[in-house]
>>> print(open('start_9.txt').read())   # compact mmCIF, C-alpha atoms
# COMPACT_ATOMS: atom_id res chain seq x y z
CA MET A 1 0.00 0.00 0.00
CA ARG A 2 1.36 3.38 -0.97
CA ILE A 3 0.76 6.31 1.29
CA GLY A 4 1.24 9.68 -0.29
CA HIS A 5 -0.33 12.88 -1.36
CA LEU A 6 -3.08 13.24 -3.89
CA GLN A 7 -2.03 14.86 -7.10
CA PRO A 8 -3.88 18.16 -7.06
CA THR A 9 -6.00 18.89 -10.09
CA ARG A 10 -4.40 22.31 -10.31
CA PRO A 11 -1.00 22.83 -8.72
CA GLU A 12 -0.12 25.72 -6.48
CA TRP A 13 1.12 28.89 -8.11
CA PHE A 14 4.76 28.03 -7.54
CA ASP A 15 4.25 24.76 -9.44
CA ARG A 16 2.95 26.44 -12.59
CA ASN A 17 6.09 26.93 -14.69
CA PRO A 18 7.80 29.30 -12.26
CA LEU A 19 10.41 31.50 -13.90
CA PRO A 20 12.81 33.76 -11.99
CA VAL A 21 12.96 37.29 -13.34
CA THR A 22 15.70 39.60 -12.14
CA LEU A 23 16.13 43.22 -13.09
CA GLN A 24 19.10 45.35 -12.15
CA GLY A 25 20.00 48.87 -13.14
CA ALA A 26 23.03 50.94 -12.24
CA ALA A 27 24.06 54.47 -13.11
CA SER A 28 26.60 57.11 -12.26
CA VAL A 29 24.80 60.41 -12.28
CA THR A 30 25.98 64.00 -12.34
CA GLY A 31 23.70 66.91 -11.79
CA GLY A 32 19.99 67.48 -12.12
CA THR A 33 18.48 64.61 -14.02
CA GLY A 34 14.73 64.88 -13.98
CA THR A 35 13.02 61.52 -13.70
CA VAL A 36 14.95 58.74 -15.46
CA THR A 37 13.84 55.10 -15.80
CA LEU A 38 16.46 52.48 -14.94
CA TRP A 39 14.36 49.45 -15.83
CA SER A 40 10.78 48.42 -16.37
CA TYR A 41 8.90 45.11 -16.28
CA THR A 42 5.37 44.32 -17.46
CA VAL A 43 3.66 41.09 -16.43
CA PRO A 44 3.00 39.21 -19.71
CA THR A 45 -0.43 38.07 -20.86
CA GLY A 46 -1.36 34.72 -19.33
CA LYS A 47 1.07 35.14 -16.46
CA LYS A 48 1.18 36.40 -12.90
CA ALA A 49 4.30 37.39 -11.00
CA TYR A 50 5.18 37.31 -7.34
CA TRP A 51 7.44 40.18 -6.29
CA ASP A 52 10.04 38.44 -4.14
CA VAL A 53 12.61 41.04 -3.15
CA ALA A 54 14.04 44.43 -4.04
CA ASN A 55 17.05 46.49 -3.03
CA LEU A 56 17.99 50.13 -3.58
CA ASP A 57 21.47 51.56 -2.99
CA LEU A 58 22.74 55.12 -3.30
CA PHE A 59 26.33 56.33 -2.84
CA ARG A 60 27.67 59.85 -3.30
CA THR A 61 30.97 59.72 -5.20
CA ALA A 62 31.63 63.46 -5.21
CA ASP A 63 30.42 66.19 -2.89
CA GLY A 64 27.34 68.10 -3.92
CA THR A 65 25.21 70.99 -2.75
CA PRO A 66 24.07 70.48 0.84
CA ASN A 67 20.53 69.29 1.45
CA ILE A 68 19.57 68.63 -2.15
CA ARG A 69 17.50 65.51 -2.48
CA ALA A 70 18.37 62.38 -4.40
CA LEU A 71 15.51 59.97 -4.91
CA LEU A 72 15.70 56.37 -6.12
CA GLN A 73 12.42 54.49 -6.20
CA ILE A 74 10.36 51.58 -7.52
CA ARG A 75 6.94 52.43 -8.86
CA TYR A 76 3.95 50.22 -9.55
CA THR A 77 1.25 50.87 -12.15
CA THR A 78 -1.93 48.85 -12.60
CA SER A 79 -5.34 49.55 -14.06
CA ALA A 80 -6.45 50.57 -10.56
CA VAL A 81 -3.56 52.32 -8.86
CA THR A 82 -0.21 53.99 -9.45
CA ALA A 83 2.07 54.35 -6.47
CA THR A 84 5.65 54.32 -5.39
CA LEU A 85 6.25 51.18 -3.36
CA MET A 86 9.83 51.61 -2.34
CA ARG A 87 11.96 54.70 -1.84
CA LEU A 88 15.51 55.61 -1.02
CA ASP A 89 15.45 59.31 -0.32
CA SER A 90 18.62 61.14 0.67
CA SER A 91 19.86 64.65 1.36
CA VAL A 92 23.46 63.56 2.05
CA SER A 93 25.83 65.99 0.32
CA ASN A 94 29.27 64.64 1.21
CA TYR A 95 31.18 61.72 -0.28
CA GLY A 96 29.98 58.42 1.16
CA PRO A 97 26.98 56.14 1.44
CA CYS A 98 23.52 57.71 1.26
CA GLY A 99 21.76 54.56 2.38
CA ASP A 100 20.33 51.18 1.43
CA GLN A 101 16.76 49.91 1.48
CA TRP A 102 15.40 46.38 1.15
CA ILE A 103 11.99 44.81 1.06
CA GLY A 104 10.91 41.20 0.64
CA GLN A 105 7.71 39.29 -0.16
CA ALA A 106 5.89 42.19 -1.74
CA GLY A 107 2.94 40.35 -3.20
CA ILE A 108 1.32 39.43 -6.45
CA MET A 109 1.13 41.22 -9.79
CA VAL A 110 -1.27 40.31 -12.59
CA ALA A 111 -0.95 40.54 -16.36
CA GLY A 112 -0.43 44.11 -17.48
CA ASP A 113 0.89 45.39 -14.16
CA VAL A 114 4.10 47.39 -14.51
CA LEU A 115 7.03 47.69 -12.11
CA GLU A 116 9.71 50.26 -12.83
CA ALA A 117 12.75 51.74 -11.13
CA THR A 118 13.36 55.45 -11.53
CA TYR A 119 15.61 58.11 -10.09
CA ASN A 120 15.50 61.87 -9.81
CA ILE A 121 18.55 63.80 -8.66
CA THR A 122 17.80 67.44 -7.93
CA ALA A 123 21.38 68.57 -7.29
CA THR A 124 23.20 70.24 -10.17
CA ASP A 125 26.64 69.34 -8.90
CA GLY A 126 28.38 66.34 -7.38
CA THR A 127 27.96 62.77 -8.56
CA LEU A 128 26.07 59.74 -7.30
CA ALA A 129 26.28 56.03 -8.01
CA LEU A 130 22.98 54.24 -7.77
CA LEU A 131 21.78 50.67 -8.02
CA ALA A 132 18.29 49.17 -8.14
CA THR A 133 17.72 45.41 -8.09
CA THR A 134 14.63 43.26 -7.93
CA LYS A 135 13.67 39.62 -8.32
CA MET A 136 10.26 38.25 -9.18
CA THR A 137 8.85 34.81 -9.84
CA GLN A 138 6.69 34.71 -12.93
CA PHE A 139 4.22 31.83 -13.33
CA ASP A 140 1.21 30.67 -15.32
CA ALA A 141 -1.91 32.58 -14.40
CA MET B 1 -7.74 8.56 3.23
CA PRO B 2 -6.06 11.62 1.77
CA SER B 3 -4.64 13.98 4.30
CA HIS B 4 -4.44 16.97 1.98
CA ARG B 5 -7.38 18.60 0.31
CA ASP B 6 -7.32 19.38 -3.34
CA THR B 7 -5.45 22.65 -3.73
CA ALA B 8 -7.16 23.67 -6.93
CA ARG B 9 -6.87 27.45 -6.85
CA GLN B 10 -7.28 27.76 -3.13
CA PHE B 11 -4.31 30.04 -2.82
CA PRO B 12 -5.30 33.72 -2.44
CA TRP B 13 -3.41 34.74 -5.59
CA ASP B 14 -5.86 32.58 -7.56
CA ARG B 15 -9.08 33.93 -6.04
CA ILE B 16 -9.79 36.80 -8.46
CA PRO B 17 -6.92 39.02 -7.30
CA SER B 18 -7.10 42.73 -8.01
CA SER B 19 -4.73 45.54 -7.20
CA ALA B 20 -5.49 48.33 -4.77
CA GLY B 21 -3.48 50.68 -2.60
CA PHE B 22 -2.87 54.40 -2.58
CA GLU B 23 -0.29 57.12 -2.96
CA TYR B 24 -0.11 60.33 -0.96
CA TYR B 25 2.19 63.31 -1.17
CA THR B 26 1.93 66.76 0.30
CA GLY B 27 3.69 69.49 2.08
CA VAL B 28 2.06 69.69 5.50
CA ALA B 29 2.76 73.37 5.97
CA GLY B 30 1.20 75.13 8.88
CA PHE B 31 0.54 72.13 11.05
CA ALA B 32 0.69 73.00 14.67
CA ALA B 33 0.95 70.25 17.20
CA VAL B 34 -1.46 67.54 16.11
CA ASN B 35 -2.16 64.09 17.40
CA TRP B 36 -2.40 61.24 14.94
CA THR B 37 -4.24 62.42 11.84
CA THR B 38 -5.10 60.17 8.91
CA LEU B 39 -3.88 61.62 5.61
CA ALA B 40 -4.85 58.74 3.32
CA SER B 41 -6.64 55.42 3.75
CA TYR B 42 -8.08 52.34 2.10
CA THR B 43 -10.99 50.22 3.32
CA VAL B 44 -11.25 46.53 2.43
CA PRO B 45 -14.53 46.05 0.50
CA ALA B 46 -17.23 43.60 1.57
CA GLY B 47 -16.58 40.07 0.37
CA ARG B 48 -12.86 40.62 -0.03
CA LYS B 49 -9.68 40.13 1.91
CA ALA B 50 -6.58 42.22 1.33
CA ALA B 51 -2.89 41.45 1.53
CA ILE B 52 -0.79 44.45 2.46
CA ASP B 53 2.06 43.72 0.10
CA ALA B 54 4.41 46.68 0.39
CA ALA B 55 4.49 50.14 1.90
CA THR B 56 6.89 53.05 1.78
CA MET B 57 6.90 56.44 3.43
CA SER B 58 9.18 59.39 4.00
CA VAL B 59 9.11 62.61 5.97
CA PHE B 60 11.28 65.59 5.05
CA ILE B 61 11.70 68.96 6.78
CA ASN B 62 11.41 71.41 3.90
CA GLY B 63 11.17 74.64 5.88
CA VAL B 64 13.10 76.43 8.58
CA GLY B 65 12.15 77.99 11.88
CA GLY B 66 9.46 77.18 14.36
CA LEU B 67 9.91 75.00 17.34
CA ASN B 68 12.19 72.02 17.47
CA CYS B 69 9.69 69.19 17.34
CA PHE B 70 9.06 65.61 16.36
CA PHE B 71 7.40 64.55 13.12
CA PHE B 72 5.89 61.06 13.13
CA VAL B 73 4.48 59.09 10.20
CA ARG B 74 3.08 55.59 10.21
CA PHE B 75 1.07 52.98 8.37
CA ALA B 76 -1.54 51.24 10.47
CA VAL B 77 -4.38 48.77 10.19
CA THR B 78 -7.54 49.46 12.15
CA SER B 79 -9.57 46.32 12.75
CA GLY B 80 -12.46 45.94 15.14
CA GLY B 81 -11.91 49.42 16.50
CA VAL B 82 -8.28 48.77 17.41
CA THR B 83 -5.39 50.41 15.54
CA TYR B 84 -2.32 48.29 14.87
CA PRO B 85 0.73 50.22 13.58
CA ILE B 86 2.72 48.29 11.00
CA LEU B 87 5.44 50.78 9.98
CA SER B 88 6.59 53.88 11.84
CA ASP B 89 9.13 56.61 11.34
CA VAL B 90 10.14 59.79 13.14
CA ILE B 91 12.47 62.73 12.64
CA ASP B 92 13.05 65.69 14.89
CA GLY B 93 14.43 69.19 14.55
CA ASN B 94 13.70 72.50 12.86
CA VAL B 95 16.47 72.49 10.27
CA PHE B 96 15.86 72.16 6.54
CA GLY B 97 16.99 68.89 5.05
CA ALA B 98 16.36 66.33 7.78
CA LEU B 99 14.58 63.34 6.31
CA SER B 100 13.82 59.72 6.94
CA THR B 101 12.46 56.94 4.73
CA SER B 102 11.10 53.49 5.60
CA ASN B 103 9.98 50.53 3.49
CA VAL B 104 8.36 47.21 4.28
CA GLY B 105 7.07 44.22 2.36
CA GLN B 106 4.37 41.67 3.26
CA ALA B 107 2.69 43.24 6.26
CA GLY B 108 -0.07 40.68 6.59
CA TRP B 109 -3.80 40.58 5.86
CA ALA B 110 -6.77 42.80 6.45
CA ARG B 111 -10.40 41.72 6.60
CA ALA B 112 -13.48 43.24 4.99
CA GLY B 113 -14.16 46.54 6.72
CA ASP B 114 -10.62 46.95 8.03
CA VAL B 115 -8.90 50.23 7.24
CA VAL B 116 -5.30 50.64 6.11
CA SER B 117 -4.21 54.20 6.85
CA PHE B 118 -1.26 56.55 6.53
CA ASP B 119 -1.13 58.81 9.57
CA TYR B 120 0.78 61.91 10.64
CA ARG B 121 1.61 63.43 14.02
CA GLN B 122 3.59 66.54 15.01
CA THR B 123 4.49 67.46 18.58
CA ALA B 124 4.73 71.27 18.25
CA ALA B 125 4.42 74.15 15.80
CA GLY B 126 7.66 73.48 13.96
CA PRO B 127 8.90 74.10 10.44
CA THR B 128 7.03 72.83 7.42
CA ALA B 129 7.53 69.26 6.32
CA ALA B 130 6.70 67.15 3.29
CA VAL B 131 5.46 63.61 3.62
CA TYR B 132 5.11 60.82 1.11
CA ALA B 133 3.33 57.49 1.36
CA GLY B 134 2.68 54.69 -1.09
CA CYS B 135 1.36 51.19 -0.61
CA LYS B 136 0.55 48.12 -2.68
CA ILE B 137 -2.44 46.02 -1.70
CA THR B 138 -3.83 42.90 -3.36
CA GLU B 139 -7.48 42.06 -2.82
CA CYS B 140 -8.89 38.57 -3.28
CA GLN B 141 -12.12 36.74 -2.58
CA GLU B 142 -12.71 35.87 1.03
>>> encode(input="start_9.txt", output="structure tokens")
Amino acid sequence: MRIGHLQPTRPEWFDRNPLPVTLQGAASVTGGTGTVTLWSYTVPTGKKAYWDVANLDLFRTADGTPNIRALLQIRYTTSAVTATLMRLDSSVSNYGPCGDQWIGQAGIMVAGDVLEATYNITATDGTLALLATTKMTQFDA
Amino acid sequence: MPSHRDTARQFPWDRIPSSAGFEYYTGVAGFAAVNWTTLASYTVPAGRKAAIDAATMSVFINGVGGLNCFFFVRFAVTSGGVTYPILSDVIDGNVFGALSTSNVGQAGWARAGDVVSFDYRQTAAGPTAAVYAGCKITECQE
């Protein structure tokens, strides 16, 4: 007699052709930039995606004007809502780290939802190195 | 006798998920001392549950002068008349440029009728500040 588990008629989401998706963008930025997109991801038709983890990192590589903001963020756009979901916001003006931010297990996205990393450096002097990374698991809807 | 039930689409992500959430940004100029004040909120609709997937917020002193005071921001869930903070941040001072940012992922579930809110508190009549809040919420069938 074999004792085991029933084969489910429909497997769990992580059994439905899971595919890791990683996006990473880096830049060295001088001066006022306006809003610039580092990367963008749209959930394909017939798929869903679970947003597993994300990391933002900002480092000033040359002094800039004091108290001018540098913003690195991940934004989320769906048919129902547009919002920034993760921010790294700094007014550090001297050479050195401006901070790191991490989140994990940030939920589901459905087909058509868009995730994008953007930055906006207000300072017109000094330079910054920035890095935005995320990993998702895409699977059959 | 099987010990596991059939898992056919029992997982929340498969129960008609839809996106929700909100974004809020403003300069909160002119606030005197205020106790917790809700600046933005979301209420879970009837027949739905909601996963609070991710939240971010920042507070930034963008003025000068006034009293040296504390600026608090938070996300909270109010359920059954009780408020449960899930993410908090504070800065203090009266000098332009001070800021703080916080992020969190997967902050649990809210039930129909529960309220997810972004709240603000200031301890004295200080300088002006700007606050930002954004959150991602996924609704599904109960």
>>> residues_around(input="start_9.txt", residues="A:Ala26", least_positions_apart="4", cutoff="8 Å", atoms="all atoms listed in the file", output="PyMOL selection string")
chain A and resi 38+129-132
>>> write_last_selection(input="start_9.txt", atoms="C-alpha atoms", output="short mmCIF file (atom, residue, chain, number, x, y, z; two decimals), keeping the file's coordinate frame")
data_model
loop_
_atom_site.label_atom_id
_atom_site.label_comp_id
_atom_site.auth_asym_id
_atom_site.auth_seq_id
_atom_site.Cartn_x
_atom_site.Cartn_y
_atom_site.Cartn_z
CA LEU A 38 16.46 52.48 -14.94
CA ALA A 129 26.28 56.03 -8.01
CA LEU A 130 22.98 54.24 -7.77
CA LEU A 131 21.78 50.67 -8.02
CA ALA A 132 18.29 49.17 -8.14
#
>>> interface_residues(input="start_9.txt", of="chain A", to="chain B", cutoff="10 Å", atoms="all atoms listed in the file", output="PyMOL selection string")
chain A and resi 3-13+48-54+66-69+73+75-92+99+101-110+113+141
>>> closest_residue(input="start_9.txt", among="A:Leu115, A:Leu19, A:Leu72, A:Cys98", to="A:Thr42", atoms="all atoms listed in the file")
A:Leu115
>>> atom_distance(input="start_9.txt", atom1="atom CA of A:Val36", atom2="atom CA of A:Thr122")
11.9 Å
>>> atom_distance(input="start_9.txt", atom1="atom CA of A:Val114", atom2="atom CA of A:Pro44")
9.8 Å
>>> atom_distance(input="start_9.txt", atom1="atom CA of B:Ile16", atom2="atom CA of B:Phe118")
26.2 Å
>>> closest_residue(input="start_9.txt", among="A:Phe14, A:Tyr95, A:Tyr119, A:Trp39", to="A:Thr133", atoms="all atoms listed in the file")
A:Trp39
